[in-house]
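The data block below is start-v3.cif; it holds mmCIF, C-alpha atoms (C1' of nucleotides).
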```cif
data_upload
loop_
_atom_site.label_atom_id
_atom_site.label_comp_id
_atom_site.auth_asym_id
_atom_site.auth_seq_id
_atom_site.Cartn_x
_atom_site.Cartn_y
_atom_site.Cartn_z
CA MET A 15 43.72 35.31 -44.40
CA VAL A 16 47.39 34.98 -43.62
CA LYS A 17 47.09 37.55 -40.92
CA GLN A 18 44.11 35.75 -39.46
CA ALA A 19 46.02 32.49 -39.31
CA ARG A 20 48.82 34.17 -37.42
CA ARG A 21 46.33 35.65 -35.04
CA GLU A 22 44.86 32.25 -34.44
CA ARG A 23 48.27 30.87 -33.67
CA GLU A 24 49.07 33.70 -31.30
CA LYS A 25 45.78 33.17 -29.59
CA ALA A 26 46.51 29.48 -29.14
CA GLU A 27 49.94 30.33 -27.80
CA PHE A 28 48.51 32.69 -25.23
CA ARG A 29 46.07 30.04 -24.11
CA GLU A 30 48.95 27.62 -23.68
CA GLU A 31 50.81 30.13 -21.59
CA VAL A 32 47.80 30.52 -19.36
CA LEU A 33 47.34 26.77 -19.00
CA THR A 34 50.99 26.17 -18.26
CA ALA A 35 50.96 28.79 -15.55
CA ALA A 36 47.70 27.45 -14.17
CA ARG A 37 49.08 23.93 -14.05
CA ALA A 38 52.12 25.15 -12.12
CA ILE A 39 49.91 26.92 -9.58
CA VAL A 40 47.69 23.89 -9.07
CA LEU A 41 50.78 21.74 -8.74
CA GLU A 42 52.42 23.92 -6.14
CA GLU A 43 49.54 25.31 -4.16
CA GLY A 44 46.58 23.15 -4.98
CA TYR A 45 43.38 23.79 -6.84
CA GLY A 46 42.03 26.19 -4.24
CA ALA A 47 44.84 28.59 -4.97
CA LEU A 48 44.05 28.79 -8.67
CA THR A 49 42.85 32.37 -9.15
CA MET A 50 42.80 34.63 -12.16
CA ARG A 51 45.05 37.09 -10.40
CA LYS A 52 47.70 34.49 -9.69
CA ILE A 53 47.65 33.29 -13.27
CA ALA A 54 47.85 36.86 -14.54
CA GLU A 55 50.80 37.62 -12.31
CA ALA A 56 52.59 34.47 -13.43
CA ILE A 57 52.33 35.29 -17.11
CA ASP A 58 52.81 39.00 -16.50
CA TYR A 59 49.48 40.21 -17.82
CA ALA A 60 46.58 42.05 -16.28
CA PRO A 61 43.86 39.83 -14.82
CA GLY A 62 41.24 41.18 -17.19
CA THR A 63 43.25 40.24 -20.26
CA ILE A 64 42.80 36.54 -19.61
CA TYR A 65 39.08 36.92 -20.12
CA LEU A 66 39.75 37.65 -23.78
CA TYR A 67 41.03 34.08 -24.12
CA PHE A 68 39.06 32.13 -21.55
CA GLU A 69 35.46 32.59 -20.64
CA SER A 70 36.00 32.09 -16.92
CA ARG A 71 38.16 30.57 -14.26
CA ASP A 72 36.12 27.40 -14.48
CA ALA A 73 36.86 27.13 -18.17
CA ILE A 74 40.58 27.11 -17.37
CA ALA A 75 40.21 24.48 -14.68
CA PHE A 76 38.06 22.45 -17.01
CA GLU A 77 40.65 22.52 -19.76
CA LEU A 78 43.29 21.54 -17.21
CA CYS A 79 41.13 18.57 -16.29
CA ARG A 80 40.79 17.57 -19.92
CA ARG A 81 44.54 17.69 -20.44
CA GLY A 82 45.07 15.72 -17.27
CA PHE A 83 42.91 12.93 -18.56
CA GLU A 84 44.89 12.83 -21.77
CA ALA A 85 48.13 12.67 -19.81
CA LEU A 86 46.76 9.77 -17.80
CA TYR A 87 45.89 7.84 -20.92
CA ASP A 88 49.31 8.55 -22.39
CA ALA A 89 50.87 7.20 -19.20
CA LEU A 90 48.81 4.03 -19.36
CA VAL A 91 48.90 3.13 -23.02
CA PRO A 92 52.44 1.68 -23.22
CA ALA A 93 51.19 -1.21 -21.10
CA ALA A 94 48.95 -2.26 -23.98
CA SER A 95 51.88 -3.95 -25.67
CA ILE A 96 52.12 -6.62 -22.97
CA ALA A 97 50.73 -9.83 -24.37
CA ASP A 98 49.65 -11.64 -21.22
CA PRO A 99 46.40 -10.05 -20.02
CA GLN A 100 47.10 -10.67 -16.34
CA GLU A 101 50.53 -9.08 -16.54
CA ARG A 102 49.05 -6.25 -18.56
CA VAL A 103 46.55 -5.47 -15.82
CA ARG A 104 49.35 -5.53 -13.29
CA GLU A 105 51.39 -3.08 -15.33
CA LEU A 106 48.39 -0.83 -15.91
CA GLY A 107 47.99 -0.67 -12.15
CA ARG A 108 51.62 0.23 -11.64
CA ARG A 109 51.45 2.94 -14.25
CA TYR A 110 48.20 4.31 -12.86
CA VAL A 111 49.62 4.55 -9.35
CA SER A 112 52.82 6.15 -10.58
CA PHE A 113 50.88 8.73 -12.54
CA GLY A 114 48.67 9.56 -9.58
CA MET A 115 51.49 9.86 -7.08
CA GLU A 116 53.71 11.88 -9.40
CA ASN A 117 50.92 14.21 -10.52
CA SER A 118 48.95 14.31 -7.33
CA GLU A 119 47.48 17.76 -7.76
CA THR A 120 46.41 17.03 -11.31
CA TYR A 121 45.00 13.72 -10.13
CA ARG A 122 43.13 15.46 -7.36
CA LEU A 123 41.74 17.97 -9.80
CA ILE A 124 40.45 15.26 -12.11
CA PHE A 125 39.15 12.69 -9.68
CA MET A 126 38.62 14.23 -6.28
CA GLU A 127 37.84 17.90 -6.47
CA ASP A 128 34.55 19.38 -7.51
CA PRO A 129 31.96 16.72 -8.33
CA ASP A 130 30.13 19.22 -10.49
CA TYR A 131 32.54 19.71 -13.30
CA ALA A 132 34.24 16.42 -12.71
CA SER A 133 30.89 15.02 -13.74
CA ALA A 134 30.56 17.52 -16.56
CA LEU A 135 33.88 16.32 -17.89
CA PHE A 136 32.81 12.75 -17.67
CA GLU A 137 29.50 13.46 -19.27
CA GLU A 138 31.46 14.78 -22.19
CA GLN A 139 33.58 11.65 -22.40
CA ALA A 140 31.02 8.99 -21.60
CA ASP A 141 29.51 8.91 -25.07
CA ASP A 142 32.76 9.26 -26.96
CA PRO A 143 34.73 6.00 -27.25
CA GLN A 144 37.72 8.02 -28.46
CA SER A 145 37.90 10.14 -25.29
CA PRO A 146 40.92 9.48 -23.07
CA GLY A 147 38.70 8.37 -20.21
CA MET A 148 36.90 5.74 -22.26
CA LYS A 149 40.08 4.59 -23.93
CA SER A 150 41.77 4.19 -20.56
CA LEU A 151 38.90 2.15 -19.23
CA GLY A 152 38.94 0.22 -22.49
CA LEU A 153 42.49 -0.94 -21.84
CA LEU A 154 41.25 -2.75 -18.75
CA VAL A 155 38.08 -4.07 -20.35
CA THR A 156 40.07 -5.51 -23.23
CA ALA A 157 42.49 -7.23 -20.89
CA PHE A 158 39.70 -8.91 -18.94
CA SER A 159 37.84 -9.85 -22.13
CA GLN A 160 40.96 -11.53 -23.46
CA ALA A 161 41.53 -13.31 -20.16
CA ARG A 162 38.01 -14.63 -20.38
CA GLN A 163 38.46 -15.80 -23.95
CA LEU A 164 41.62 -17.58 -22.93
CA GLY A 165 39.59 -19.35 -20.25
CA ARG A 166 41.67 -17.88 -17.51
CA LEU A 167 38.99 -16.00 -15.63
CA THR A 168 37.80 -17.95 -12.61
CA ILE A 169 35.08 -15.50 -11.70
CA ASP A 170 31.78 -15.06 -13.46
CA VAL A 171 31.64 -11.30 -13.64
CA ALA A 172 31.42 -9.20 -16.79
CA PRO A 173 34.76 -7.77 -17.99
CA ASP A 174 33.52 -4.20 -17.83
CA VAL A 175 32.44 -4.65 -14.23
CA LEU A 176 35.83 -6.13 -13.39
CA ALA A 177 37.50 -3.20 -15.13
CA GLU A 178 35.53 -0.68 -13.10
CA MET A 179 36.16 -2.63 -9.93
CA ILE A 180 39.90 -2.64 -10.31
CA TRP A 181 39.94 0.99 -11.42
CA ALA A 182 38.05 1.95 -8.29
CA SER A 183 40.35 -0.11 -6.08
CA VAL A 184 43.53 1.33 -7.49
CA HIS A 185 41.98 4.77 -7.35
CA GLY A 186 41.44 4.17 -3.65
CA ILE A 187 45.13 3.58 -3.08
CA VAL A 188 46.10 6.76 -4.87
CA ALA A 189 43.30 8.87 -3.44
CA LEU A 190 43.96 7.87 0.15
CA LYS A 191 47.70 8.29 -0.15
CA ILE A 192 47.29 11.73 -1.66
CA THR A 193 45.02 12.95 1.11
CA TYR A 194 46.52 11.25 4.14
CA ASP A 195 50.17 10.73 3.53
CA ARG A 196 50.46 9.05 6.93
CA PHE A 197 47.43 6.84 7.00
CA PRO A 198 48.08 3.86 5.00
CA ARG A 199 51.47 3.46 6.58
CA THR A 200 52.23 1.06 3.79
CA GLN A 201 53.48 2.82 0.69
CA ALA A 202 51.38 2.96 -2.46
CA GLY A 203 53.45 0.52 -4.47
CA GLU A 204 53.30 -2.11 -1.78
CA LEU A 205 49.55 -1.68 -1.37
CA LEU A 206 49.16 -2.20 -5.10
CA THR A 207 51.27 -5.35 -5.00
CA ALA A 208 49.19 -6.73 -2.15
CA LEU A 209 46.00 -5.85 -4.03
CA THR A 210 46.97 -7.48 -7.30
CA ASP A 211 48.49 -10.53 -5.61
CA ALA A 212 45.32 -11.06 -3.62
CA LEU A 213 43.04 -10.30 -6.53
CA PHE A 214 44.80 -12.63 -8.89
CA ASP A 215 45.53 -15.58 -6.66
CA GLY A 216 42.93 -15.25 -3.96
CA LEU A 217 43.30 -14.28 -0.38
CA PHE A 218 41.73 -17.14 1.47
CA ALA A 219 42.07 -20.88 1.20
CA ARG A 220 39.36 -22.39 -0.92
CA MET B 29 29.21 26.08 41.47
CA VAL B 30 25.73 25.09 40.47
CA LYS B 31 25.44 28.12 38.28
CA GLN B 32 28.72 27.35 36.64
CA ALA B 33 27.60 23.82 35.88
CA ARG B 34 24.48 25.13 34.22
CA ARG B 35 26.54 27.56 32.22
CA GLU B 36 28.76 24.73 31.08
CA ARG B 37 25.75 22.79 29.98
CA GLU B 38 24.31 25.73 28.08
CA LYS B 39 27.62 26.28 26.43
CA ALA B 40 27.75 22.67 25.33
CA GLU B 41 24.21 22.94 24.01
CA PHE B 42 25.06 25.97 21.94
CA ARG B 43 28.04 24.17 20.48
CA GLU B 44 25.80 21.28 19.54
CA GLU B 45 23.40 23.64 17.83
CA VAL B 46 26.25 25.07 15.80
CA LEU B 47 27.56 21.64 14.84
CA THR B 48 24.13 20.36 13.89
CA ALA B 49 23.56 23.37 11.65
CA ALA B 50 27.04 23.04 10.18
CA ARG B 51 26.48 19.38 9.44
CA ALA B 52 23.26 20.20 7.63
CA ILE B 53 24.98 22.82 5.51
CA VAL B 54 27.83 20.50 4.57
CA LEU B 55 25.31 17.80 3.78
CA GLU B 56 23.21 19.96 1.53
CA GLU B 57 25.69 22.27 -0.10
CA GLY B 58 29.08 20.74 0.49
CA TYR B 59 32.05 21.74 2.53
CA GLY B 60 32.82 24.78 0.41
CA ALA B 61 29.53 26.34 1.44
CA LEU B 62 30.27 26.10 5.14
CA THR B 63 30.60 29.72 6.24
CA MET B 64 30.16 31.39 9.58
CA ARG B 65 27.41 33.55 8.18
CA LYS B 66 25.42 30.59 6.93
CA ILE B 67 25.75 28.82 10.26
CA ALA B 68 24.72 31.97 12.13
CA GLU B 69 21.69 32.40 9.92
CA ALA B 70 20.66 28.81 10.44
CA ILE B 71 20.74 29.00 14.23
CA ASP B 72 19.42 32.58 14.24
CA TYR B 73 22.39 34.23 15.89
CA ALA B 74 24.78 36.92 14.81
CA PRO B 75 27.93 35.67 13.08
CA GLY B 76 30.17 37.12 15.76
CA THR B 77 28.44 35.21 18.53
CA ILE B 78 29.73 31.91 17.25
CA TYR B 79 33.27 33.04 17.95
CA LEU B 80 32.46 32.95 21.67
CA TYR B 81 32.03 29.19 21.35
CA PHE B 82 34.39 28.22 18.58
CA GLU B 83 37.79 29.62 17.89
CA SER B 84 37.37 29.67 14.14
CA ARG B 85 35.60 28.20 11.18
CA ASP B 86 38.32 25.57 10.92
CA ALA B 87 37.67 24.49 14.49
CA ILE B 88 34.05 23.79 13.56
CA ALA B 89 35.00 21.81 10.46
CA PHE B 90 37.58 19.92 12.48
CA GLU B 91 35.05 18.94 15.13
CA LEU B 92 32.69 17.85 12.36
CA CYS B 93 35.46 15.64 11.03
CA ARG B 94 36.05 14.14 14.43
CA ARG B 95 32.38 13.32 14.87
CA GLY B 96 32.27 11.85 11.40
CA PHE B 97 35.04 9.45 12.28
CA GLU B 98 33.18 8.37 15.37
CA ALA B 99 30.04 7.81 13.34
CA LEU B 100 32.00 5.68 10.90
CA TYR B 101 33.34 3.51 13.68
CA ASP B 102 29.86 3.16 15.17
CA ALA B 103 28.60 2.06 11.78
CA LEU B 104 31.33 -0.55 11.44
CA VAL B 105 31.51 -2.05 14.91
CA PRO B 106 28.40 -4.27 14.81
CA ALA B 107 30.23 -6.41 12.26
CA ALA B 108 32.71 -7.39 14.97
CA SER B 109 30.26 -9.95 16.30
CA ILE B 110 30.57 -12.10 13.21
CA ALA B 111 32.67 -15.12 14.08
CA ASP B 112 34.08 -16.08 10.70
CA PRO B 113 36.86 -13.63 9.84
CA GLN B 114 36.27 -13.77 6.11
CA GLU B 115 32.57 -13.07 6.49
CA ARG B 116 33.41 -10.35 8.96
CA VAL B 117 35.62 -8.59 6.44
CA ARG B 118 32.85 -8.85 3.89
CA GLU B 119 30.35 -7.31 6.27
CA LEU B 120 32.78 -4.56 7.26
CA GLY B 121 33.06 -3.70 3.58
CA ARG B 122 29.32 -3.56 3.15
CA ARG B 123 28.92 -1.35 6.20
CA TYR B 124 31.75 0.92 5.10
CA VAL B 125 30.26 1.42 1.65
CA SER B 126 26.80 2.03 3.07
CA PHE B 127 28.14 4.63 5.45
CA GLY B 128 30.05 6.40 2.72
CA MET B 129 27.20 6.48 0.25
CA GLU B 130 24.63 7.54 2.82
CA ASN B 131 26.84 10.21 4.36
CA SER B 132 28.67 11.27 1.27
CA GLU B 133 29.35 14.85 2.29
CA THR B 134 30.61 13.80 5.70
CA TYR B 135 32.71 11.15 4.02
CA ARG B 136 34.10 13.69 1.61
CA LEU B 137 34.93 16.02 4.47
CA ILE B 138 36.83 13.31 6.32
CA PHE B 139 38.62 11.53 3.53
CA MET B 140 38.75 13.68 0.46
CA GLU B 141 38.68 17.34 1.26
CA ASP B 142 41.54 19.36 2.62
CA PRO B 143 44.70 17.25 3.01
CA ASP B 144 45.97 19.69 5.61
CA TYR B 145 43.55 19.17 8.41
CA ALA B 146 42.59 15.74 7.26
CA SER B 147 46.18 14.96 8.12
CA ALA B 148 45.99 16.98 11.31
CA LEU B 149 43.05 14.85 12.36
CA PHE B 150 44.89 11.69 11.56
CA GLU B 151 48.00 12.85 13.32
CA GLU B 152 45.83 13.19 16.39
CA GLN B 153 44.49 9.67 16.02
CA ALA B 154 47.58 7.85 14.84
CA ASP B 155 49.14 7.54 18.28
CA ASP B 156 45.92 6.82 20.12
CA PRO B 157 44.74 3.20 19.82
CA GLN B 158 41.40 4.26 21.30
CA SER B 159 40.69 6.79 18.54
CA PRO B 160 37.86 5.83 16.19
CA GLY B 161 40.22 5.76 13.23
CA MET B 162 42.61 3.29 14.84
CA LYS B 163 39.79 1.20 16.24
CA SER B 164 38.17 1.01 12.81
CA LEU B 165 41.40 -0.10 11.23
CA GLY B 166 41.86 -2.50 14.11
CA LEU B 167 38.65 -4.31 13.21
CA LEU B 168 40.21 -5.25 9.89
CA VAL B 169 43.63 -6.08 11.31
CA THR B 170 42.06 -8.37 13.87
CA ALA B 171 40.05 -10.19 11.24
CA PHE B 172 43.11 -10.86 9.11
CA SER B 173 45.18 -11.88 12.13
CA GLN B 174 42.56 -14.41 13.11
CA ALA B 175 42.34 -15.71 9.57
CA ARG B 176 46.07 -16.20 9.63
CA GLN B 177 45.96 -18.02 12.95
CA LEU B 178 43.27 -20.27 11.58
CA GLY B 179 45.61 -21.06 8.71
CA ARG B 180 43.20 -19.69 6.18
CA LEU B 181 45.33 -16.97 4.69
CA THR B 182 46.87 -18.07 1.41
CA ILE B 183 48.95 -14.95 0.98
CA ASP B 184 52.12 -14.09 2.84
CA VAL B 185 51.40 -10.46 3.64
CA ALA B 186 51.20 -8.91 7.09
CA PRO B 187 47.64 -8.49 8.45
CA ASP B 188 48.03 -4.76 8.90
CA VAL B 189 49.13 -4.35 5.29
CA LEU B 190 46.16 -6.41 4.17
CA ALA B 191 43.89 -4.26 6.32
CA GLU B 192 45.22 -1.06 4.77
CA MET B 193 45.00 -2.55 1.30
CA ILE B 194 41.35 -3.47 1.61
CA TRP B 195 40.51 -0.17 3.29
CA ALA B 196 42.07 1.68 0.40
CA SER B 197 40.27 -0.45 -2.16
CA VAL B 198 36.86 -0.01 -0.60
CA HIS B 199 37.61 3.67 -0.14
CA GLY B 200 38.20 3.82 -3.88
CA ILE B 201 34.72 2.52 -4.62
CA VAL B 202 33.11 5.06 -2.33
CA ALA B 203 35.33 7.96 -3.35
CA LEU B 204 34.85 7.43 -7.06
CA LYS B 205 31.12 6.95 -6.77
CA ILE B 206 30.77 10.10 -4.71
CA THR B 207 32.67 12.23 -7.18
CA TYR B 208 31.52 10.77 -10.49
CA ASP B 209 28.09 9.35 -10.04
CA ARG B 210 28.10 8.22 -13.65
CA PHE B 211 31.54 6.77 -14.04
CA PRO B 212 31.63 3.43 -12.56
CA ARG B 213 28.38 2.55 -14.27
CA THR B 214 28.23 -0.38 -11.91
CA GLN B 215 26.67 0.53 -8.60
CA ALA B 216 28.76 0.62 -5.44
CA GLY B 217 27.34 -2.52 -3.87
CA GLU B 218 28.01 -4.58 -6.97
CA LEU B 219 31.56 -3.26 -7.24
CA LEU B 220 32.13 -4.28 -3.64
CA THR B 221 30.79 -7.75 -4.28
CA ALA B 222 33.07 -8.15 -7.28
CA LEU B 223 36.01 -6.89 -5.23
CA THR B 224 35.50 -9.22 -2.29
CA ASP B 225 34.68 -12.21 -4.47
CA ALA B 226 37.84 -11.69 -6.46
CA LEU B 227 39.95 -10.92 -3.42
CA PHE B 228 38.81 -13.94 -1.50
CA ASP B 229 38.73 -16.58 -4.19
CA GLY B 230 41.12 -15.23 -6.76
CA LEU B 231 40.45 -13.79 -10.14
CA PHE B 232 42.59 -15.88 -12.40
CA ALA B 233 43.11 -19.59 -12.77
CA ARG B 234 46.14 -20.75 -10.87
"C1'" DG C 9 44.91 44.12 -27.25
"C1'" DT C 10 46.24 45.52 -23.06
"C1'" DC C 11 45.96 48.27 -19.40
"C1'" DT C 12 43.99 50.63 -15.05
"C1'" DA C 13 40.31 51.04 -12.18
"C1'" DT C 14 36.56 49.37 -10.11
"C1'" DA C 15 32.13 47.17 -9.35
"C1'" DA C 16 29.86 43.63 -6.74
"C1'" DA C 17 30.02 39.91 -3.89
"C1'" DT C 18 32.09 37.13 -0.66
"C1'" DC C 19 34.56 35.85 3.27
"C1'" DG C 20 36.73 35.55 8.42
"C1'" DA C 21 37.21 37.85 12.32
"C1'" DT C 22 36.89 41.81 15.65
"C1'" DA C 23 35.31 46.16 18.37
"C1'" DG C 24 32.26 48.20 21.02
"C1'" DA C 25 27.38 49.37 22.22
"C1'" DC C 26 23.73 47.48 24.96
"C1'" DG D 13 26.02 37.21 26.03
"C1'" DT D 14 24.40 39.07 22.07
"C1'" DC D 15 24.08 42.31 18.63
"C1'" DT D 16 25.30 45.86 15.12
"C1'" DA D 17 28.64 47.56 12.46
"C1'" DT D 18 32.62 47.15 10.19
"C1'" DC D 19 37.48 46.20 9.01
"C1'" DG D 20 40.34 44.17 5.81
"C1'" DA D 21 41.27 40.95 2.59
"C1'" DT D 22 39.74 38.13 -1.20
"C1'" DT D 23 37.62 36.91 -5.19
"C1'" DT D 24 35.44 37.02 -10.28
"C1'" DA D 25 34.35 39.73 -13.82
"C1'" DT D 26 33.60 44.09 -16.36
"C1'" DA D 27 34.04 49.15 -18.20
"C1'" DG D 28 36.49 52.31 -20.35
"C1'" DA D 29 41.00 54.76 -21.25
"C1'" DC D 30 44.89 54.28 -24.27
#
```

Could you show the structure in this file as structure tokens?
Amino acid sequence: MVKQARREREKAEFREEVLTAARAIVLEEGYGALTMRKIAEAIDYAPGTIYLYFESRDAIAFELCRRGFEALYDALVPAASIADPQERVRELGRRYVSFGMENSETYRLIFMEDPDYASALFEEQADDPQSPGMKSLGLLVTAFSQARQLGRLTIDVAPDVLAEMIWASVHGIVALKITYDRFPRTQAGELLTALTDALFDGLFAR
Amino acid sequence: MVKQARREREKAEFREEVLTAARAIVLEEGYGALTMRKIAEAIDYAPGTIYLYFESRDAIAFELCRRGFEALYDALVPAASIADPQERVRELGRRYVSFGMENSETYRLIFMEDPDYASALFEEQADDPQSPGMKSLGLLVTAFSQARQLGRLTIDVAPDVLAEMIWASVHGIVALKITYDRFPRTQAGELLTALTDALFDGLFAR
DNA sequence: GTCTATAAATCGATAGAC
DNA sequence: GTCTATCGATTTATAGAC
């Protein structure tokens, strides 16, 4: 029993080593460069050995994705303490953009890479309100619901639609900046400011 | 001379055949499945033959990208005839989203795939005001400039920053929908409507 | 449990016959 | 100009020695 527990722990440790190495590779060379051989070399094991701990290369990438989502939620959640819903949304946007720009390869892996297991990951989260993805979205939904209850919403759109809309918009800033560093000449933070200013106060004279 | 002209024409025709086949492959199986062998099989030639017309696989993907950008501009430009700048921006958004959703693999190739030659493509366009990318962006910049001249802009942000901001936001809707078809539960068109409504009229009570 | 060795499948690109 | 044949490099994943 005792021995088995130790074995379990060692197994978990090995998996962590693999994931840490994998994360470093994705970070430095991108998802395309994530191969079993590279991981094996990084942790100084034979390629075949990894298969005793992970079913396949996809399983490693998938776990990396899962962790990335958790990291995103962790980066967002401190904003929840802001009382004013409008300011909270603004801060959530800032934190989201910072996370994306500072962890661009992880962000790419989660949100832009392979639609197949990106969807598989989401499928897994969609029905679980405690999943990091749903909790992250929930932060936005809550803010808009509160704004509505306070009578401060001027638009007649459901809070969850508003949440998805602003998520998509902010995602666009990050996604475009990550792919084309020269295209939006304007830097990400400034684009976000323009977006939230316009969204909150309106762009055109009424 | 005459013979040479015919040869030129035949050469151009072969290139078109290759690109058409390549486009079909990207459309059906994604960019990752674009291989010389698959293209050769589709046009019923030996793999090596293609190298007489294209320098490399990358050159084919690059040309596909270039054409995609032109197609995007062609899809957007009819909106330019709309007199009211605000309505024009709205229509540009609708056309952009339609193009992205209906040509998702092309869109992915241009805007989401490999940052390296996505950037190379943009580098090529950035200094050429007549490139489809710059002309597309120009449609938005012009609309915001006119709105400003008409005194209808309520926000003190430069038109080109506004143009990039709305491009990025709409890109986010398309990009997210393409990758996670289930995540924004709201469909793309409705997200766009929410975005433009909020952007134009403001989201919160002032 | 870890290794070496290798199978099996790709790929891009090229050489040389016709 | 096109083809066949192949090089050379990759990859994932597995088999079997130790």

Show me a table, sorted first by chain and then by increasing residue number, of the residues of chain B having an atom at most 10 Å from chain C, each with its shortest atom pair and the distance in Å to one decimal, counting all atoms listed in the file and written as a tab-separated table.
```
residue	atom	partner	partner_atom	distance
B:Thr63	CA	C:DC19	C1'	7.9
B:Met64	CA	C:DG20	C1'	7.9
B:Arg65	CA	C:DC19	C1'	9.0
B:Pro75	CA	C:DA21	C1'	9.6
B:Gly76	CA	C:DA21	C1'	7.9
B:Tyr79	CA	C:DA21	C1'	8.4
B:Glu83	CA	C:DA21	C1'	10.0
B:Ser84	CA	C:DG20	C1'	8.2
B:Arg85	CA	C:DG20	C1'	7.9
```

Would you output that residue set with C-alpha atoms, as a tab-separated table (two decimals), in the coordinates of the input?
```tsv
chain	number	residue	atom	x	y	z
B	63	THR	CA	30.60	29.72	6.24
B	64	MET	CA	30.16	31.39	9.58
B	65	ARG	CA	27.41	33.55	8.18
B	75	PRO	CA	27.93	35.67	13.08
B	76	GLY	CA	30.17	37.12	15.76
B	79	TYR	CA	33.27	33.04	17.95
B	83	GLU	CA	37.79	29.62	17.89
B	84	SER	CA	37.37	29.67	14.14
B	85	ARG	CA	35.60	28.20	11.18
```

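Selection check: the PyMOL selection byres ((chain D) within 8 of (chain A)) on the shown file gives DT23, DT24 and DA25 of chain D.
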
Set the cut-off to 8 Å and count only C-alpha atoms: what are the residues of chain A that reach chain B? Output as an NGL selection string.
:A and (100 or 125-129 or 132-133 or 136-137 or 140 or 166-169 or 171 or 175-176 or 178-180 or 182-187 or 189-190 or 192-200 or 205-206 or 208-209 or 211-220)

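In this structure, CA of Leu62 in chain B sits 22.7 Å away from C1' of DT16 in chain D.
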
Given 4 Å on each side, where is the centre and what are the edge lengths in Å to one decimal of the axis-aligned box enclosing the listed atoms of range 193-198 of chain A, as lines of an AutoDock Vina configuration file?
```
center_x = 47.7
center_y = 8.4
center_z = 4.1
size_x = 13.4
size_y = 17.1
size_z = 13.9
```

Name every residue that the PyMOL selection byres ((chain A and resi 102) around 12) selects in this structure, writing the answer as a PyMOL selection string with chains first and numbers rising.
chain A and resi 90-101+103-109+153-158+160-161+210

Those same residues, written as a PDB file, in the coordinates of the input with C-alpha atoms?
```pdb
ATOM      1  CA  LEU A  90      48.810   4.030 -19.360  1.00  0.00           C
ATOM      2  CA  VAL A  91      48.900   3.130 -23.020  1.00  0.00           C
ATOM      3  CA  PRO A  92      52.440   1.680 -23.220  1.00  0.00           C
ATOM      4  CA  ALA A  93      51.190  -1.210 -21.100  1.00  0.00           C
ATOM      5  CA  ALA A  94      48.950  -2.260 -23.980  1.00  0.00           C
ATOM      6  CA  SER A  95      51.880  -3.950 -25.670  1.00  0.00           C
ATOM      7  CA  ILE A  96      52.120  -6.620 -22.970  1.00  0.00           C
ATOM      8  CA  ALA A  97      50.730  -9.830 -24.370  1.00  0.00           C
ATOM      9  CA  ASP A  98      49.650 -11.640 -21.220  1.00  0.00           C
ATOM     10  CA  PRO A  99      46.400 -10.050 -20.020  1.00  0.00           C
ATOM     11  CA  GLN A 100      47.100 -10.670 -16.340  1.00  0.00           C
ATOM     12  CA  GLU A 101      50.530  -9.080 -16.540  1.00  0.00           C
ATOM     13  CA  VAL A 103      46.550  -5.470 -15.820  1.00  0.00           C
ATOM     14  CA  ARG A 104      49.350  -5.530 -13.290  1.00  0.00           C
ATOM     15  CA  GLU A 105      51.390  -3.080 -15.330  1.00  0.00           C
ATOM     16  CA  LEU A 106      48.390  -0.830 -15.910  1.00  0.00           C
ATOM     17  CA  GLY A 107      47.990  -0.670 -12.150  1.00  0.00           C
ATOM     18  CA  ARG A 108      51.620   0.230 -11.640  1.00  0.00           C
ATOM     19  CA  ARG A 109      51.450   2.940 -14.250  1.00  0.00           C
ATOM     20  CA  LEU A 153      42.490  -0.940 -21.840  1.00  0.00           C
ATOM     21  CA  LEU A 154      41.250  -2.750 -18.750  1.00  0.00           C
ATOM     22  CA  VAL A 155      38.080  -4.070 -20.350  1.00  0.00           C
ATOM     23  CA  THR A 156      40.070  -5.510 -23.230  1.00  0.00           C
ATOM     24  CA  ALA A 157      42.490  -7.230 -20.890  1.00  0.00           C
ATOM     25  CA  PHE A 158      39.700  -8.910 -18.940  1.00  0.00           C
ATOM     26  CA  GLN A 160      40.960 -11.530 -23.460  1.00  0.00           C
ATOM     27  CA  ALA A 161      41.530 -13.310 -20.160  1.00  0.00           C
ATOM     28  CA  THR A 210      46.970  -7.480  -7.300  1.00  0.00           C
TER      29      THR A 210
END
```

Name the residues in contact with Thr77 in chain B at a cut-off of 9 Å, using all atoms listed in the file, excluding same-chain residues fewer than 6 positions from it; report them as a ChimeraX atom specification.
/B:68 /D:13-15

Name the residues within 12 Å of (50.5, 18.9, -10.6), counting all atoms listed in the file in the file's coordinates, and put them as JSON, numbers by chain.
{"A": [33, 34, 35, 36, 37, 38, 39, 40, 41, 42, 43, 44, 45, 48, 78, 79, 81, 82, 85, 113, 114, 115, 116, 117, 118, 119, 120, 121, 122, 123, 124, 192]}

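Take CA of Tyr67 in chain A and C1' of DA29 in chain D: the distance between them is 20.9 Å.
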
What separates CA of Lys39 in chain B and CA of Ile88 in chain B is a distance of 14.6 Å

So which one's closest to Phe42 in chain B, B:Ile78, B:Ala61, B:Ala103, B:Ala87? Using only C-alpha atoms, please.
B:Ile78
